[in-house]
>>> print(open('model-v2.pdb').read())   # PDB, C-alpha atoms, pLDDT in the B column
MODEL        1
ATOM      1  CA  MET O   1      43.615-115.863  44.234  1.00 43.00           C
ATOM      2  CA  ALA O   2      42.548-113.796  41.214  1.00 42.00           C
ATOM      3  CA  SER O   3      43.200-110.100  41.236  1.00 40.00           C
ATOM      4  CA  VAL O   4      40.397-107.559  40.894  1.00 40.00           C
ATOM      5  CA  GLU O   5      41.566-106.701  37.359  1.00 40.00           C
ATOM      6  CA  GLU O   6      41.301-110.339  36.240  1.00 39.00           C
ATOM      7  CA  VAL O   7      37.747-110.666  37.528  1.00 34.00           C
ATOM      8  CA  ARG O   8      36.642-107.449  35.865  1.00 34.00           C
ATOM      9  CA  MET O   9      38.006-108.642  32.535  1.00 34.00           C
ATOM     10  CA  PHE O  10      35.329-111.332  32.362  1.00 38.00           C
ATOM     11  CA  GLU O  11      32.393-109.377  33.768  1.00 39.00           C
ATOM     12  CA  ARG O  12      29.756-108.147  31.340  1.00 44.00           C
ATOM     13  CA  ASP O  13      29.175-104.457  31.729  1.00 45.00           C
ATOM     14  CA  LYS O  14      26.797-104.281  28.759  1.00 47.00           C
ATOM     15  CA  ARG O  15      23.381-104.549  30.379  1.00 45.00           C
ATOM     16  CA  PRO O  16      20.033-103.781  28.802  1.00 44.00           C
ATOM     17  CA  GLU O  17      18.951-100.201  29.235  1.00 51.00           C
ATOM     18  CA  ASP O  18      16.104-101.248  31.537  1.00 49.00           C
ATOM     19  CA  GLY O  19      18.644-102.338  34.186  1.00 51.00           C
ATOM     20  CA  SER O  20      17.807-106.062  34.146  1.00 59.00           C
ATOM     21  CA  ALA O  21      20.506-108.686  33.744  1.00 73.00           C
ATOM     22  CA  THR O  22      21.181-110.243  30.353  1.00 76.00           C
ATOM     23  CA  SER O  23      20.174-113.908  30.218  1.00 86.00           C
ATOM     24  CA  ALA O  24      21.859-114.576  26.849  1.00 90.00           C
ATOM     25  CA  PHE O  25      24.840-112.997  25.112  1.00 92.00           C
ATOM     26  CA  LEU O  26      26.213-113.671  21.623  1.00 92.00           C
ATOM     27  CA  GLY O  27      29.666-112.120  21.596  1.00 93.00           C
ATOM     28  CA  LYS O  28      31.678-110.371  18.920  1.00 94.00           C
ATOM     29  CA  GLY O  29      33.273-112.843  16.534  1.00 93.00           C
ATOM     30  CA  SER O  30      30.383-115.326  16.882  1.00 94.00           C
ATOM     31  CA  ARG O  31      28.323-116.320  13.870  1.00 96.00           C
ATOM     32  CA  ILE O  32      25.037-118.221  13.964  1.00 94.00           C
ATOM     33  CA  THR O  33      22.817-119.354  11.110  1.00 96.00           C
ATOM     34  CA  GLY O  34      19.315-120.516  12.010  1.00 95.00           C
ATOM     35  CA  LYS O  35      16.584-119.744  14.504  1.00 96.00           C
ATOM     36  CA  LEU O  36      17.322-118.169  17.903  1.00 95.00           C
ATOM     37  CA  VAL O  37      14.717-118.109  20.676  1.00 94.00           C
ATOM     38  CA  PHE O  38      15.353-116.181  23.910  1.00 94.00           C
ATOM     39  CA  ASP O  39      13.048-116.477  26.938  1.00 92.00           C
ATOM     40  CA  GLY O  40      14.665-113.569  28.795  1.00 90.00           C
ATOM     41  CA  THR O  41      16.704-110.537  27.803  1.00 94.00           C
ATOM     42  CA  ALA O  42      19.435-110.999  25.202  1.00 96.00           C
ATOM     43  CA  ARG O  43      22.276-109.070  23.604  1.00 96.00           C
ATOM     44  CA  ILE O  44      23.813-109.811  20.212  1.00 97.00           C
ATOM     45  CA  GLU O  45      27.260-108.473  19.305  1.00 96.00           C
ATOM     46  CA  GLY O  46      28.100-111.036  16.595  1.00 96.00           C
ATOM     47  CA  GLN O  47      26.555-112.094  13.291  1.00 97.00           C
ATOM     48  CA  VAL O  48      23.189-113.807  12.887  1.00 97.00           C
ATOM     49  CA  ASP O  49      21.501-115.087   9.712  1.00 96.00           C
ATOM     50  CA  GLY O  50      17.974-116.452  10.107  1.00 96.00           C
ATOM     51  CA  GLU O  51      15.262-115.654  12.645  1.00 97.00           C
ATOM     52  CA  ILE O  52      15.368-114.198  16.170  1.00 97.00           C
ATOM     53  CA  THR O  53      12.574-114.289  18.751  1.00 96.00           C
ATOM     54  CA  ALA O  54      12.934-112.690  22.196  1.00 96.00           C
ATOM     55  CA  GLN O  55      10.231-112.630  24.857  1.00 94.00           C
ATOM     56  CA  GLU O  56      11.759-109.641  26.655  1.00 95.00           C
ATOM     57  CA  THR O  57      14.392-107.067  25.615  1.00 97.00           C
ATOM     58  CA  LEU O  58      16.651-107.819  22.661  1.00 97.00           C
ATOM     59  CA  THR O  59      19.643-105.539  22.093  1.00 97.00           C
ATOM     60  CA  ILE O  60      21.551-105.602  18.813  1.00 98.00           C
ATOM     61  CA  GLY O  61      25.003-104.219  19.648  1.00 97.00           C
ATOM     62  CA  GLU O  62      26.947-101.671  17.624  1.00 96.00           C
ATOM     63  CA  GLY O  63      29.255-104.253  16.047  1.00 95.00           C
ATOM     64  CA  ALA O  64      26.472-106.727  15.252  1.00 97.00           C
ATOM     65  CA  VAL O  65      25.482-107.638  11.699  1.00 97.00           C
ATOM     66  CA  VAL O  66      22.068-109.291  11.639  1.00 97.00           C
ATOM     67  CA  LYS O  67      20.247-110.619   8.579  1.00 97.00           C
ATOM     68  CA  ALA O  68      17.088-111.952  10.144  1.00 97.00           C
ATOM     69  CA  ARG O  69      13.417-111.526  10.866  1.00 97.00           C
ATOM     70  CA  ILE O  70      13.268-110.220  14.446  1.00 97.00           C
ATOM     71  CA  THR O  71      10.370-110.459  16.905  1.00 97.00           C
ATOM     72  CA  GLY O  72      10.627-109.237  20.481  1.00 97.00           C
ATOM     73  CA  GLY O  73       9.045-107.381  23.357  1.00 97.00           C
ATOM     74  CA  THR O  74      11.431-104.422  23.289  1.00 98.00           C
ATOM     75  CA  VAL O  75      14.070-104.264  20.551  1.00 98.00           C
ATOM     76  CA  ILE O  76      17.015-101.857  20.774  1.00 98.00           C
ATOM     77  CA  VAL O  77      19.276-101.601  17.728  1.00 98.00           C
ATOM     78  CA  HIS O  78      22.761-100.081  17.709  1.00 98.00           C
ATOM     79  CA  GLY O  79      24.175-102.165  14.825  1.00 97.00           C
ATOM     80  CA  GLN O  80      23.113-103.310  11.352  1.00 97.00           C
ATOM     81  CA  VAL O  81      19.896-105.213  10.705  1.00 97.00           C
ATOM     82  CA  THR O  82      18.638-106.419   7.352  1.00 97.00           C
ATOM     83  CA  GLY O  83      15.157-107.864   7.784  1.00 96.00           C
ATOM     84  CA  ASP O  84      11.773-107.064   9.250  1.00 97.00           C
ATOM     85  CA  ILE O  85      11.454-106.163  12.937  1.00 97.00           C
ATOM     86  CA  THR O  86       8.299-106.616  15.024  1.00 97.00           C
ATOM     87  CA  ALA O  87       8.464-105.218  18.557  1.00 98.00           C
ATOM     88  CA  ARG O  88       5.417-105.801  20.749  1.00 97.00           C
ATOM     89  CA  THR O  89       6.219-102.940  23.153  1.00 97.00           C
ATOM     90  CA  ARG O  90       8.922-100.644  21.765  1.00 98.00           C
ATOM     91  CA  LEU O  91      11.522-100.362  19.008  1.00 98.00           C
ATOM     92  CA  GLU O  92      14.465 -98.032  19.519  1.00 98.00           C
ATOM     93  CA  LEU O  93      17.077 -97.264  16.856  1.00 98.00           C
ATOM     94  CA  ARG O  94      20.213 -95.740  18.349  1.00 98.00           C
ATOM     95  CA  ALA O  95      23.151 -94.279  16.446  1.00 97.00           C
ATOM     96  CA  PRO O  96      24.880 -95.623  14.449  1.00 97.00           C
ATOM     97  CA  SER O  97      22.171 -98.205  13.700  1.00 98.00           C
ATOM     98  CA  ARG O  98      21.125 -99.064  10.161  1.00 97.00           C
ATOM     99  CA  VAL O  99      17.915-101.016   9.570  1.00 97.00           C
ATOM    100  CA  VAL O 100      16.896-102.141   6.095  1.00 97.00           C
ATOM    101  CA  GLY O 101      13.447-103.699   6.373  1.00 96.00           C
ATOM    102  CA  ASN O 102       9.918-103.057   7.528  1.00 96.00           C
ATOM    103  CA  VAL O 103       9.222-102.332  11.184  1.00 97.00           C
ATOM    104  CA  SER O 104       6.063-102.799  13.240  1.00 97.00           C
ATOM    105  CA  THR O 105       5.683-101.544  16.819  1.00 97.00           C
ATOM    106  CA  PRO O 106       3.340 -99.441  18.965  1.00 97.00           C
ATOM    107  CA  SER O 107       6.244 -97.211  20.092  1.00 97.00           C
ATOM    108  CA  LEU O 108       9.121 -96.172  17.805  1.00 97.00           C
ATOM    109  CA  VAL O 109      12.133 -94.038  18.769  1.00 97.00           C
ATOM    110  CA  ILE O 110      14.714 -93.144  16.114  1.00 97.00           C
ATOM    111  CA  HIS O 111      17.764 -91.326  17.435  1.00 97.00           C
ATOM    112  CA  GLU O 112      19.743 -88.869  15.331  1.00 97.00           C
ATOM    113  CA  GLY O 113      22.404 -90.727  13.350  1.00 97.00           C
ATOM    114  CA  SER O 114      20.247 -93.828  12.839  1.00 97.00           C
ATOM    115  CA  VAL O 115      19.008 -94.975   9.430  1.00 97.00           C
ATOM    116  CA  LEU O 116      15.724 -96.748   8.642  1.00 97.00           C
ATOM    117  CA  GLU O 117      15.065 -97.897   5.087  1.00 95.00           C
ATOM    118  CA  GLY O 118      11.657 -99.515   4.896  1.00 94.00           C
ATOM    119  CA  GLN O 119       8.059 -99.079   5.899  1.00 94.00           C
ATOM    120  CA  CYS O 120       6.845 -98.443   9.420  1.00 95.00           C
ATOM    121  CA  SER O 121       3.577 -99.653  10.902  1.00 95.00           C
ATOM    122  CA  MET O 122       2.569 -98.388  14.324  1.00 92.00           C
ATOM    123  CA  SER O 123      -0.436 -99.884  16.048  1.00 78.00           C
ATOM    124  CA  GLY O 124      -1.653 -99.673  19.623  1.00 63.00           C
ATOM    125  CA  ALA O 125      -0.567-102.398  22.026  1.00 54.00           C
ATOM    126  CA  GLY O 126      -4.147-103.682  22.165  1.00 50.00           C
ATOM    127  CA  ASP O 127      -4.709-103.760  18.398  1.00 54.00           C
ATOM    128  CA  GLY O 128      -3.328-107.255  17.993  1.00 47.00           C
ATOM    129  CA  GLY O 129      -2.415-106.381  14.423  1.00 46.00           C
ATOM    130  CA  ARG O 130      -6.053-106.146  13.247  1.00 50.00           C
ATOM    131  CA  ARG O 131      -6.152-103.045  11.099  1.00 52.00           C
ATOM    132  CA  ALA O 132      -7.988-102.034   7.973  1.00 53.00           C
ATOM    133  CA  LYS O 133      -6.025-101.534   4.784  1.00 56.00           C
ATOM    134  CA  LYS O 134      -4.261 -98.178   4.840  1.00 56.00           C
ATOM    135  CA  PRO O 135      -5.635 -95.507   2.479  1.00 60.00           C
ATOM    136  CA  ASP O 136      -3.443 -94.386  -0.411  1.00 61.00           C
ATOM    137  CA  PHE O 137      -2.488 -90.756   0.188  1.00 59.00           C
ATOM    138  CA  SER O 138      -0.160 -90.572  -2.826  1.00 59.00           C
ATOM    139  CA  VAL O 139      -2.901 -88.671  -4.666  1.00 59.00           C
ATOM    140  CA  LEU O 140      -2.091 -85.729  -2.392  1.00 61.00           C
ATOM    141  CA  LEU O 141       1.417 -85.588  -3.815  1.00 65.00           C
ATOM    142  CA  ARG O 142       0.293 -85.049  -7.409  1.00 60.00           C
ATOM    143  CA  GLY O 143      -0.465 -81.393  -8.174  1.00 56.00           C
ATOM    144  CA  GLU O 144      -2.999 -82.032 -10.941  1.00 50.00           C
ATOM    145  CA  GLU O 145      -5.284 -84.170  -8.773  1.00 48.00           C
ATOM    146  CA  ARG O 146      -5.218 -81.890  -5.739  1.00 47.00           C
ATOM    147  CA  ASP O 147      -8.907 -80.908  -6.057  1.00 51.00           C
ATOM    148  CA  GLU O 148     -10.193 -84.428  -5.567  1.00 55.00           C
ATOM    149  CA  ILE O 149      -9.293 -85.802  -2.137  1.00 57.00           C
ATOM    150  CA  VAL O 150     -10.886 -89.089  -1.198  1.00 58.00           C
ATOM    151  CA  PRO O 151     -11.410 -89.584   2.564  1.00 64.00           C
ATOM    152  CA  PRO O 152     -10.048 -92.782   4.106  1.00 65.00           C
ATOM    153  CA  PRO O 153     -12.509 -95.668   4.417  1.00 68.00           C
ATOM    154  CA  ALA O 154     -14.426 -96.114   7.685  1.00 67.00           C
ATOM    155  CA  PRO O 155     -13.164 -98.867  10.016  1.00 67.00           C
ATOM    156  CA  PRO O 156     -14.982-102.177   9.522  1.00 69.00           C
ATOM    157  CA  ASP O 157     -16.492-102.114  13.043  1.00 68.00           C
ATOM    158  CA  GLY O 158     -18.414 -98.881  12.327  1.00 59.00           C
ATOM    159  CA  ARG O 159     -16.336 -96.578  14.573  1.00 60.00           C
ATOM    160  CA  LYS O 160     -15.533 -93.080  13.371  1.00 57.00           C
TER     161      LYS O 160
ENDMDL
END
>>> encode(input="model-v2.pdb", output="structure tokens")
Amino acid sequence: MASVEEVRMFERDKRPEDGSATSAFLGKGSRITGKLVFDGTARIEGQVDGEITAQETLTIGEGAVVKARITGGTVIVHGQVTGDITARTRLELRAPSRVVGNVSTPSLVIHEGSVLEGQCSMSGAGDGGRRAKKPDFSVLLRGEERDEIVPPPAPPDGRK
């Protein structure tokens, strides 16, 4: 009969922050190159090069090194990610995360101690990614052109 200590050694105590069980786990020391697709929640602690798609919550652990395009429902990053991240519901960067790439999500949380190098696009959950081209506000940064401010263009559907 196994002792309590032996059983605990193999239990996973790293669960997604929403309390649901992890359906897939890529442990520390693992390395995968290619495309990963997760139907449920997943946690990555190893190295991934390629593309990751998760239907539910994807957690990138503190020791993880990911070089991939990531798409998921909710994405929580503790580790290093190089590549674009698209989160349909929420993207959360927790210390000591470092993301180098563009991010797109309707809800973005960046905790103190996290680093984001890239552009951020935030759209409503119902937008479906259909947005007009963003106006260039860099003219506001130049002192000599401060008198002439051009308003942003009207949305194509005629709303104000």
>>> residues_around(input="model-v2.pdb", residues="stretch 57-72 of chain O", least_positions_apart="3", cutoff="8 Å", atoms="all atoms listed in the file", output="PDB file with C-alpha atoms, in the coordinates of the input")
ATOM      1  CA  PRO O  16      20.033-103.781  28.802  1.00 44.00           C
ATOM      2  CA  LYS O  28      31.678-110.371  18.920  1.00 94.00           C
ATOM      3  CA  GLY O  40      14.665-113.569  28.795  1.00 90.00           C
ATOM      4  CA  THR O  41      16.704-110.537  27.803  1.00 94.00           C
ATOM      5  CA  ALA O  42      19.435-110.999  25.202  1.00 96.00           C
ATOM      6  CA  ARG O  43      22.276-109.070  23.604  1.00 96.00           C
ATOM      7  CA  ILE O  44      23.813-109.811  20.212  1.00 97.00           C
ATOM      8  CA  GLU O  45      27.260-108.473  19.305  1.00 96.00           C
ATOM      9  CA  GLY O  46      28.100-111.036  16.595  1.00 96.00           C
ATOM     10  CA  GLN O  47      26.555-112.094  13.291  1.00 97.00           C
ATOM     11  CA  VAL O  48      23.189-113.807  12.887  1.00 97.00           C
ATOM     12  CA  ASP O  49      21.501-115.087   9.712  1.00 96.00           C
ATOM     13  CA  GLY O  50      17.974-116.452  10.107  1.00 96.00           C
ATOM     14  CA  GLU O  51      15.262-115.654  12.645  1.00 97.00           C
ATOM     15  CA  ILE O  52      15.368-114.198  16.170  1.00 97.00           C
ATOM     16  CA  THR O  53      12.574-114.289  18.751  1.00 96.00           C
ATOM     17  CA  ALA O  54      12.934-112.690  22.196  1.00 96.00           C
ATOM     18  CA  VAL O  75      14.070-104.264  20.551  1.00 98.00           C
ATOM     19  CA  ILE O  76      17.015-101.857  20.774  1.00 98.00           C
ATOM     20  CA  VAL O  77      19.276-101.601  17.728  1.00 98.00           C
ATOM     21  CA  HIS O  78      22.761-100.081  17.709  1.00 98.00           C
ATOM     22  CA  GLY O  79      24.175-102.165  14.825  1.00 97.00           C
ATOM     23  CA  GLN O  80      23.113-103.310  11.352  1.00 97.00           C
ATOM     24  CA  VAL O  81      19.896-105.213  10.705  1.00 97.00           C
ATOM     25  CA  THR O  82      18.638-106.419   7.352  1.00 97.00           C
ATOM     26  CA  GLY O  83      15.157-107.864   7.784  1.00 96.00           C
ATOM     27  CA  ASP O  84      11.773-107.064   9.250  1.00 97.00           C
ATOM     28  CA  ILE O  85      11.454-106.163  12.937  1.00 97.00           C
ATOM     29  CA  THR O  86       8.299-106.616  15.024  1.00 97.00           C
ATOM     30  CA  ALA O  87       8.464-105.218  18.557  1.00 98.00           C
ATOM     31  CA  ARG O  88       5.417-105.801  20.749  1.00 97.00           C
ATOM     32  CA  PRO O  96      24.880 -95.623  14.449  1.00 97.00           C
ATOM     33  CA  SER O  97      22.171 -98.205  13.700  1.00 98.00           C
TER      34      SER O  97
END
>>> residues_around(input="model-v2.pdb", residues="O:Glu117", least_positions_apart="2", cutoff="7 Å", atoms="all atoms listed in the file", output="NGL selection string")
:O and (99-101 or 115)
>>> atom_distance(input="model-v2.pdb", atom1="atom CA of O:Leu91", atom2="atom CA of O:Leu116")
11.8 Å
>>> resolve_selection(input="model-v2.pdb", expression="the PyMOL selection byres ((chain O and resi 106) around 9)", output="number ranges by chain")
O: 87-91, 104-105, 107-108, 121-125
>>> write_last_selection(input="model-v2.pdb", atoms="C-alpha atoms", output="compact mmCIF listing (two decimals), in the frame of the given file")
# COMPACT_ATOMS: atom_id res chain seq x y z
CA ALA O 87 8.46 -105.22 18.56
CA ARG O 88 5.42 -105.80 20.75
CA THR O 89 6.22 -102.94 23.15
CA ARG O 90 8.92 -100.64 21.76
CA LEU O 91 11.52 -100.36 19.01
CA SER O 104 6.06 -102.80 13.24
CA THR O 105 5.68 -101.54 16.82
CA SER O 107 6.24 -97.21 20.09
CA LEU O 108 9.12 -96.17 17.80
CA SER O 121 3.58 -99.65 10.90
CA MET O 122 2.57 -98.39 14.32
CA SER O 123 -0.44 -99.88 16.05
CA GLY O 124 -1.65 -99.67 19.62
CA ALA O 125 -0.57 -102.40 22.03
>>> atom_distance(input="model-v2.pdb", atom1="atom CA of O:Ile110", atom2="atom CA of O:Glu92")
6.0 Å
>>> atom_distance(input="model-v2.pdb", atom1="atom CA of O:Val37", atom2="atom CA of O:Gln55")
8.2 Å
